[in-house]
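Asker: I am sharing run.cif, which consists of mmCIF, C-alpha atoms:
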```
data_coords
#
loop_
_atom_site.group_PDB
_atom_site.id
_atom_site.type_symbol
_atom_site.label_atom_id
_atom_site.label_comp_id
_atom_site.auth_asym_id
_atom_site.auth_seq_id
_atom_site.Cartn_x
_atom_site.Cartn_y
_atom_site.Cartn_z
ATOM 1 C CA MET A 1316 20.786 -33.297 -33.384
ATOM 2 C CA ASN A 1317 19.335 -36.719 -32.585
ATOM 3 C CA ARG A 1318 20.466 -38.387 -29.380
ATOM 4 C CA ALA A 1319 21.145 -42.111 -29.574
ATOM 5 C CA ALA A 1320 20.704 -44.542 -26.679
ATOM 6 C CA LEU A 1321 22.568 -47.646 -27.807
ATOM 7 C CA PHE A 1322 21.951 -50.910 -25.952
ATOM 8 C CA ASP A 1323 23.574 -54.293 -25.952
ATOM 9 C CA VAL A 1324 20.923 -56.980 -25.307
ATOM 10 C CA ASP A 1325 22.351 -60.215 -23.831
ATOM 11 C CA GLY A 1326 23.225 -59.565 -20.189
ATOM 12 C CA THR A 1327 22.112 -55.936 -20.488
ATOM 13 C CA LEU A 1328 18.374 -56.130 -21.223
ATOM 14 C CA ALA A 1329 17.919 -59.920 -20.986
ATOM 15 C CA ASP A 1330 19.329 -62.252 -18.329
ATOM 16 C CA THR A 1331 20.857 -64.630 -20.860
ATOM 17 C CA ASN A 1332 24.633 -64.611 -20.455
ATOM 18 C CA HIS A 1333 24.783 -67.779 -18.412
ATOM 19 C CA LEU A 1334 22.496 -69.574 -20.845
ATOM 20 C CA HIS A 1335 25.037 -68.747 -23.545
ATOM 21 C CA VAL A 1336 27.846 -70.025 -21.316
ATOM 22 C CA VAL A 1337 26.155 -73.397 -20.830
ATOM 23 C CA CYS A 1338 25.277 -73.733 -24.531
ATOM 24 C CA TRP A 1339 28.801 -72.882 -25.695
ATOM 25 C CA TRP A 1340 30.250 -75.234 -23.073
ATOM 26 C CA GLU A 1341 28.078 -78.096 -24.317
ATOM 27 C CA ALA A 1342 28.794 -77.338 -27.994
ATOM 28 C CA LEU A 1343 32.535 -77.291 -27.284
ATOM 29 C CA ARG A 1344 32.329 -80.435 -25.127
ATOM 30 C CA GLN A 1345 30.537 -82.319 -27.892
ATOM 31 C CA ALA A 1346 33.398 -81.394 -30.231
ATOM 32 C CA GLY A 1347 36.034 -82.633 -27.780
ATOM 33 C CA HIS A 1348 37.105 -79.281 -26.318
ATOM 34 C CA ASP A 1349 37.523 -78.923 -22.551
ATOM 35 C CA VAL A 1350 36.959 -75.218 -21.874
ATOM 36 C CA ALA A 1351 36.272 -73.734 -18.439
ATOM 37 C CA MET A 1352 32.922 -71.999 -18.027
ATOM 38 C CA HIS A 1353 34.709 -69.029 -16.453
ATOM 39 C CA ASP A 1354 36.636 -68.494 -19.675
ATOM 40 C CA ILE A 1355 33.500 -68.883 -21.768
ATOM 41 C CA HIS A 1356 31.746 -66.277 -19.626
ATOM 42 C CA ARG A 1357 34.517 -63.783 -20.351
ATOM 43 C CA SER A 1358 34.053 -64.336 -24.088
ATOM 44 C CA ILE A 1359 30.299 -63.713 -24.187
ATOM 45 C CA GLY A 1360 29.488 -60.665 -26.289
ATOM 46 C CA LEU A 1361 31.972 -61.456 -29.029
ATOM 47 C CA PRO A 1362 30.709 -62.633 -32.444
ATOM 48 C CA GLY A 1363 30.916 -66.428 -32.824
ATOM 49 C CA GLU A 1364 34.135 -66.546 -34.856
ATOM 50 C CA ASP A 1365 35.913 -64.156 -32.495
ATOM 51 C CA LEU A 1366 34.560 -66.011 -29.453
ATOM 52 C CA LEU A 1367 36.026 -69.264 -30.752
ATOM 53 C CA GLY A 1368 39.316 -67.542 -31.487
ATOM 54 C CA TYR A 1369 39.374 -66.178 -27.935
ATOM 55 C CA LEU A 1370 38.671 -69.613 -26.445
ATOM 56 C CA LEU A 1371 40.493 -71.988 -28.786
ATOM 57 C CA GLY A 1372 43.220 -69.786 -30.248
ATOM 58 C CA GLU A 1373 43.766 -68.324 -33.671
ATOM 59 C CA ASP A 1374 45.698 -71.425 -34.750
ATOM 60 C CA ARG A 1375 42.643 -73.702 -34.343
ATOM 61 C CA ASP A 1376 41.062 -75.606 -37.243
ATOM 62 C CA THR A 1377 38.652 -72.881 -38.348
ATOM 63 C CA SER A 1378 36.835 -75.296 -40.663
ATOM 64 C CA LYS A 1379 35.045 -76.520 -37.515
ATOM 65 C CA ASP A 1380 33.792 -73.048 -36.538
ATOM 66 C CA ASP A 1381 30.494 -73.282 -38.397
ATOM 67 C CA THR A 1382 29.718 -76.660 -36.814
ATOM 68 C CA LEU A 1383 30.461 -75.335 -33.326
ATOM 69 C CA SER A 1384 28.386 -72.193 -33.893
ATOM 70 C CA ALA A 1385 25.505 -74.248 -35.270
ATOM 71 C CA ALA A 1386 25.608 -76.535 -32.217
ATOM 72 C CA HIS A 1387 25.500 -73.507 -29.909
ATOM 73 C CA SER A 1388 22.625 -71.993 -31.871
ATOM 74 C CA THR A 1389 20.640 -75.241 -31.729
ATOM 75 C CA LEU A 1390 21.152 -75.587 -27.983
ATOM 76 C CA TYR A 1391 20.385 -71.935 -27.277
ATOM 77 C CA GLY A 1392 17.336 -72.050 -29.525
ATOM 78 C CA THR A 1393 15.638 -74.379 -27.058
ATOM 79 C CA TYR A 1394 15.321 -71.384 -24.723
ATOM 80 C CA PHE A 1395 13.805 -68.969 -27.239
ATOM 81 C CA ASP A 1396 10.291 -69.170 -25.814
ATOM 82 C CA ARG A 1397 11.401 -68.410 -22.247
ATOM 83 C CA LEU A 1398 14.318 -65.970 -22.379
ATOM 84 C CA PRO A 1399 14.112 -63.860 -19.199
ATOM 85 C CA PRO A 1400 14.180 -60.062 -19.487
ATOM 86 C CA LEU A 1401 15.954 -58.158 -16.763
ATOM 87 C CA ASP A 1402 13.737 -56.216 -14.383
ATOM 88 C CA ALA A 1403 12.711 -52.771 -15.689
ATOM 89 C CA ALA A 1404 14.519 -53.252 -19.018
ATOM 90 C CA ALA A 1405 11.425 -52.329 -21.029
ATOM 91 C CA ASP A 1406 10.621 -49.453 -18.665
ATOM 92 C CA LEU A 1407 14.122 -48.042 -19.149
ATOM 93 C CA LEU A 1408 13.853 -48.118 -22.942
ATOM 94 C CA ARG A 1409 10.413 -46.518 -22.876
ATOM 95 C CA GLU A 1410 11.558 -43.771 -20.515
ATOM 96 C CA LEU A 1411 14.471 -42.904 -22.787
ATOM 97 C CA ASP A 1412 12.160 -42.927 -25.816
ATOM 98 C CA ARG A 1413 9.780 -40.624 -23.927
ATOM 99 C CA ARG A 1414 12.685 -38.246 -23.287
ATOM 100 C CA GLY A 1415 13.481 -38.088 -26.985
ATOM 101 C CA TRP A 1416 16.334 -40.568 -27.258
ATOM 102 C CA ARG A 1417 16.496 -42.853 -30.288
ATOM 103 C CA VAL A 1418 16.924 -46.342 -28.868
ATOM 104 C CA VAL A 1419 19.014 -48.699 -31.023
ATOM 105 C CA LEU A 1420 20.005 -52.257 -30.109
ATOM 106 C CA VAL A 1421 23.654 -53.152 -30.785
ATOM 107 C CA THR A 1422 24.135 -56.896 -30.511
ATOM 108 C CA SER A 1423 26.158 -59.870 -31.722
ATOM 109 C CA ALA A 1424 22.924 -61.894 -31.904
ATOM 110 C CA LYS A 1425 21.822 -63.057 -35.332
ATOM 111 C CA ASP A 1426 18.312 -62.643 -36.759
ATOM 112 C CA ALA A 1427 16.337 -65.481 -35.137
ATOM 113 C CA GLU A 1428 18.055 -64.976 -31.798
ATOM 114 C CA LEU A 1429 17.532 -61.215 -31.938
ATOM 115 C CA ASP A 1430 13.836 -61.727 -32.676
ATOM 116 C CA ALA A 1431 13.549 -63.945 -29.587
ATOM 117 C CA LEU A 1432 15.376 -61.384 -27.449
ATOM 118 C CA ARG A 1433 13.122 -58.577 -28.661
ATOM 119 C CA ARG A 1434 10.059 -60.642 -27.786
ATOM 120 C CA ALA A 1435 11.506 -61.234 -24.327
ATOM 121 C CA VAL A 1436 12.289 -57.569 -23.663
ATOM 122 C CA ASP A 1437 8.892 -56.587 -25.120
ATOM 123 C CA ALA A 1438 9.619 -52.916 -25.821
ATOM 124 C CA ASP A 1439 9.542 -52.706 -29.619
ATOM 125 C CA ASP A 1440 7.390 -49.582 -29.375
ATOM 126 C CA ALA A 1441 10.441 -47.781 -27.920
ATOM 127 C CA ILE A 1442 13.098 -49.224 -30.239
ATOM 128 C CA THR A 1443 14.083 -47.265 -33.349
ATOM 129 C CA ALA A 1444 16.339 -49.905 -34.923
ATOM 130 C CA ALA A 1445 18.668 -52.824 -34.263
ATOM 131 C CA ALA A 1446 22.229 -53.454 -35.457
ATOM 132 C CA SER A 1447 23.727 -56.949 -35.406
ATOM 133 C CA SER A 1448 27.169 -58.357 -36.169
ATOM 134 C CA ASP A 1449 25.795 -59.447 -39.547
ATOM 135 C CA ASP A 1450 25.553 -55.776 -40.560
ATOM 136 C CA VAL A 1451 29.280 -55.024 -40.295
ATOM 137 C CA SER A 1452 32.610 -56.552 -41.272
ATOM 138 C CA GLU A 1453 33.909 -56.580 -37.693
ATOM 139 C CA GLY A 1454 31.911 -57.079 -34.496
ATOM 140 C CA LYS A 1455 32.646 -55.829 -30.981
ATOM 141 C CA PRO A 1456 35.130 -54.804 -29.650
ATOM 142 C CA ALA A 1457 35.686 -53.073 -33.006
ATOM 143 C CA PRO A 1458 33.734 -49.807 -33.232
ATOM 144 C CA ASP A 1459 31.970 -50.855 -36.453
ATOM 145 C CA PRO A 1460 28.681 -51.994 -34.834
ATOM 146 C CA VAL A 1461 28.474 -48.738 -32.881
ATOM 147 C CA HIS A 1462 29.174 -46.623 -35.970
ATOM 148 C CA HIS A 1463 26.449 -48.555 -37.806
ATOM 149 C CA ALA A 1464 23.995 -48.031 -34.953
ATOM 150 C CA LEU A 1465 24.726 -44.308 -34.925
ATOM 151 C CA GLY A 1466 23.921 -44.232 -38.628
ATOM 152 C CA LEU A 1467 20.606 -45.974 -37.999
ATOM 153 C CA ALA A 1468 19.771 -43.350 -35.382
ATOM 154 C CA ASP A 1469 21.094 -40.515 -37.560
ATOM 155 C CA ALA A 1470 23.053 -39.363 -34.514
ATOM 156 C CA ALA A 1471 26.591 -38.203 -33.786
ATOM 157 C CA ALA A 1472 28.892 -40.014 -31.383
ATOM 158 C CA HIS A 1473 29.152 -37.026 -29.049
ATOM 159 C CA GLY A 1474 25.395 -37.143 -28.485
ATOM 160 C CA ALA A 1475 25.217 -40.890 -27.834
ATOM 161 C CA VAL A 1476 25.400 -43.252 -24.872
ATOM 162 C CA LEU A 1477 26.107 -46.986 -25.097
ATOM 163 C CA VAL A 1478 24.863 -49.311 -22.340
ATOM 164 C CA GLY A 1479 26.394 -52.775 -22.078
ATOM 165 C CA ASP A 1480 27.579 -55.429 -19.665
ATOM 166 C CA THR A 1481 30.893 -56.623 -21.133
ATOM 167 C CA VAL A 1482 34.347 -55.218 -21.699
ATOM 168 C CA TRP A 1483 33.712 -55.742 -25.433
ATOM 169 C CA ASP A 1484 30.775 -53.317 -25.263
ATOM 170 C CA MET A 1485 32.827 -50.715 -23.402
ATOM 171 C CA GLN A 1486 35.767 -51.050 -25.787
ATOM 172 C CA ALA A 1487 33.571 -50.785 -28.879
ATOM 173 C CA GLY A 1488 31.784 -47.717 -27.533
ATOM 174 C CA SER A 1489 34.988 -46.019 -26.435
ATOM 175 C CA ARG A 1490 36.610 -46.603 -29.811
ATOM 176 C CA ALA A 1491 33.560 -45.091 -31.488
ATOM 177 C CA GLY A 1492 33.696 -42.014 -29.260
ATOM 178 C CA VAL A 1493 30.430 -42.510 -27.382
ATOM 179 C CA ALA A 1494 29.871 -42.329 -23.626
ATOM 180 C CA CYS A 1495 29.761 -45.830 -22.129
ATOM 181 C CA VAL A 1496 27.632 -47.094 -19.255
ATOM 182 C CA GLY A 1497 28.324 -50.504 -17.736
ATOM 183 C CA LEU A 1498 25.840 -52.823 -16.032
ATOM 184 C CA LEU A 1499 26.941 -55.464 -13.532
ATOM 185 C CA CYS A 1500 24.045 -57.835 -14.224
ATOM 186 C CA GLY A 1501 26.041 -59.639 -16.919
ATOM 187 C CA GLY A 1502 28.526 -60.839 -14.314
ATOM 188 C CA ILE A 1503 31.615 -58.809 -15.283
ATOM 189 C CA PRO A 1504 33.348 -56.966 -12.397
ATOM 190 C CA ARG A 1505 33.042 -53.203 -12.052
ATOM 191 C CA ARG A 1506 36.786 -52.615 -12.352
ATOM 192 C CA ASP A 1507 36.962 -54.489 -15.645
ATOM 193 C CA LEU A 1508 34.130 -52.408 -17.096
ATOM 194 C CA GLU A 1509 35.695 -49.162 -15.904
ATOM 195 C CA GLU A 1510 39.128 -50.079 -17.259
ATOM 196 C CA ALA A 1511 37.496 -50.868 -20.615
ATOM 197 C CA GLY A 1512 35.920 -47.405 -20.773
ATOM 198 C CA ALA A 1513 32.753 -47.259 -18.652
ATOM 199 C CA ARG A 1514 32.107 -43.745 -17.409
ATOM 200 C CA ALA A 1515 29.431 -44.931 -15.002
ATOM 201 C CA VAL A 1516 28.438 -48.371 -13.715
ATOM 202 C CA TYR A 1517 25.042 -49.514 -12.422
ATOM 203 C CA GLN A 1518 23.785 -52.782 -11.028
ATOM 204 C CA HIS A 1519 21.094 -53.462 -13.642
ATOM 205 C CA PRO A 1520 18.492 -51.667 -15.806
ATOM 206 C CA ALA A 1521 16.294 -50.886 -12.798
ATOM 207 C CA ASP A 1522 19.237 -49.199 -11.037
ATOM 208 C CA LEU A 1523 20.054 -47.116 -14.119
ATOM 209 C CA LEU A 1524 16.392 -46.137 -14.470
ATOM 210 C CA ALA A 1525 16.242 -45.076 -10.817
ATOM 211 C CA HIS A 1526 19.309 -42.846 -11.297
ATOM 212 C CA ILE A 1527 18.569 -41.677 -14.842
ATOM 213 C CA ASP A 1528 18.630 -37.983 -13.906
ATOM 214 C CA ASN A 1529 22.191 -38.258 -12.597
ATOM 215 C CA SER A 1530 23.454 -40.558 -15.331
ATOM 216 C CA PRO A 1531 25.141 -39.915 -18.687
ATOM 217 C CA PHE A 1532 21.590 -39.758 -20.065
ATOM 218 C CA ALA A 1533 20.953 -36.504 -18.187
ATOM 219 C CA ASP A 1534 21.307 -33.476 -20.450
ATOM 220 C CA GLY A 1535 24.863 -32.232 -20.534
ATOM 221 C CA HIS A 1536 25.937 -34.722 -17.874
ATOM 222 C CA ARG A 1537 28.713 -37.286 -18.131
ATOM 223 C CA SER A 1538 28.984 -38.550 -14.571
ATOM 224 C CA PRO A 1539 31.838 -41.019 -13.915
ATOM 225 C CA ASN A 1540 31.781 -44.109 -11.762
ATOM 226 C CA HIS A 1541 28.357 -44.477 -10.213
ATOM 227 C CA THR A 1542 28.880 -46.854 -7.291
ATOM 228 C CA ALA A 1543 25.451 -48.134 -6.255
#
```
Please lay out the structure from this file as structure tokens.
Answerer:
Amino acid sequence: MNRAALFDVDGTLADTNHLHVVCWWEALRQAGHDVAMHDIHRSIGLPGEDLLGYLLGEDRDTSKDDTLSAAHSTLYGTYFDRLPPLDAAADLLRELDRRGWRVVLVTSAKDAELDALRRAVDADDAITAAASSDDVSEGKPAPDPVHHALGLADAAAHGAVLVGDTVWDMQAGSRAGVACVGLLCGGIPRRDLEEAGARAVYQHPADLLAHIDNSPFADGHRSPNHTA
């Protein structure tokens, strides 16, 4: 049975969450919406339409969604050539690939953005496939992206681990029946990640790599609540 190592990208492998916050804030400001950056931060990881619903309410004028998303994409695109990877992100993916895990990216990023993120992480030699919100009818926190990623890896949920930095990642993974690992480098508190389903929590990719042999990636091991 194949083992799948499923990874969110923004905030998990690349230090980009706060860039998204600023770009969404500016896109919303240009459209006349006064939204606190704290609230925007909490929404990062949701697909664009769901993010806008979270921030502006389901009763908003949805005809403006495409314009807002396009403004965010244009602003964020100015960073494409300098997106910062998180320390040891590529090393972590390569180590899991070396151990026989099929690494699949599970992200809400669309094609051009995902290409830029993959260039930043620079570990394509260790990545089996990538699943985006465009591939499914519902994005995170629905389990659909995780189910799709498992299909790409030809792996079962009980042999898979999802690594992410948001409650949306943890909820999607839990609903799909995979073990969830949270990272704090995206800025979401430990308790929130644990309450959303994280079985173990690490500071960042380098911390997970350093503790890989005592993590949910260790054979037969599902260790709860790492506290480094």
Asker: Show which residues sit within 6 Å of range 1456-1467 of chain A, as an MDAnalysis selection string. Count only C-alpha atoms, and ignore same-chain residues fewer than 4 positions away.
Answerer: chainID A and resid 1446 1483 1486:1487 1490:1491
Asker: Under the rule that all atoms listed in the file are counted, which of A:Asp1354, A:Asp1396, A:Asp1450, A:Glu1410 is the nearest residue to Leu1432 in chain A?
Answerer: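 Among the listed residues, A:Asp1396 lies closest to Leu1432 in chain A.
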Asker: So which one's closest to Gly1347 in chain A, A:Ala1525, A:Lys1379, A:Ala1405, A:Asn1317? Using all atoms listed in the file, please.
Answerer: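 Closest candidate: A:Lys1379.
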Asker: Report as a PDB file with C-alpha atoms, keeping the file's coordinate frame all protein, DNA and RNA residues lying within 12 Å of Gly1368 in chain A, evaluated on all atoms listed in the file, omitting residues in the same chain fewer than 4 positions from it.
Answerer:
```pdb
ATOM      1  CA  ILE A1355      33.500 -68.883 -21.768  1.00  0.00           C
ATOM      2  CA  SER A1358      34.053 -64.336 -24.088  1.00  0.00           C
ATOM      3  CA  LEU A1361      31.972 -61.456 -29.029  1.00  0.00           C
ATOM      4  CA  PRO A1362      30.709 -62.633 -32.444  1.00  0.00           C
ATOM      5  CA  GLY A1363      30.916 -66.428 -32.824  1.00  0.00           C
ATOM      6  CA  GLU A1364      34.135 -66.546 -34.856  1.00  0.00           C
ATOM      7  CA  GLY A1372      43.220 -69.786 -30.248  1.00  0.00           C
ATOM      8  CA  GLU A1373      43.766 -68.324 -33.671  1.00  0.00           C
ATOM      9  CA  ASP A1374      45.698 -71.425 -34.750  1.00  0.00           C
ATOM     10  CA  ARG A1375      42.643 -73.702 -34.343  1.00  0.00           C
ATOM     11  CA  ASP A1376      41.062 -75.606 -37.243  1.00  0.00           C
ATOM     12  CA  THR A1377      38.652 -72.881 -38.348  1.00  0.00           C
ATOM     13  CA  LYS A1379      35.045 -76.520 -37.515  1.00  0.00           C
ATOM     14  CA  ASP A1380      33.792 -73.048 -36.538  1.00  0.00           C
ATOM     15  CA  LEU A1383      30.461 -75.335 -33.326  1.00  0.00           C
TER      16      LEU A1383
END
```
Asker: Applied to the shown file, which residues does the PyMOL selection byres ((chain A and resi 1328) around 9) return, written as a ChimeraX atom specification?
Answerer: /A:1322-1327,1329-1331,1400-1405,1432,1436,1479,1519-1520
Asker: Calculate how many Å separate CA of His1473 in chain A from CA of Val1496 in chain A, rounding to one decimal.
Answerer: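 If I compute the distance from CA of His1473 in chain A to CA of Val1496 in chain A, I get 14.1 Å.
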Asker: Looking at all atoms listed in the file, which of A:Ala1386, A:Leu1321, A:Leu1523, A:Val1493 is the one that sits closest to Trp1339 in chain A?
Answerer: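 Selected residue with least distance to Trp1339 in chain A: A:Ala1386.
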Asker: Given the choices A:Val1482, A:Ala1431, A:Ala1342, A:Val1419, which gets closest to Ala1444 in chain A if the distance is worked out from all atoms listed in the file?
Answerer: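 Using all atoms listed in the file, the shortest distance to Ala1444 in chain A belongs to A:Val1419.
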Asker: Can you measure CA of Arg1505 in chain A to CA of Asp1484 in chain A for me? One decimal in Å is fine.
Answerer: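 Going from CA of Arg1505 in chain A over to CA of Asp1484 in chain A, I get 13.4 Å.
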Asker: Give the centre and edge lengths of an axis-aligned box, in Å to one decimal, that holds all listed atoms of range 1337-1352 of chain A with 4 Å on each side, as JSON.
Answerer:
```
{"center_x": 31.4, "center_y": -77.3, "center_z": -24.1, "size_x": 20.2, "size_y": 18.6, "size_z": 20.2}
```
Asker: Report the residues retrieved by the PyMOL selection byres ((chain A and resi 1497) around 8) from the displayed file, expressed as a PyMOL selection string.
Answerer: chain A and resi 1478-1481+1485+1495-1496+1498-1499+1505+1508-1509+1513-1517
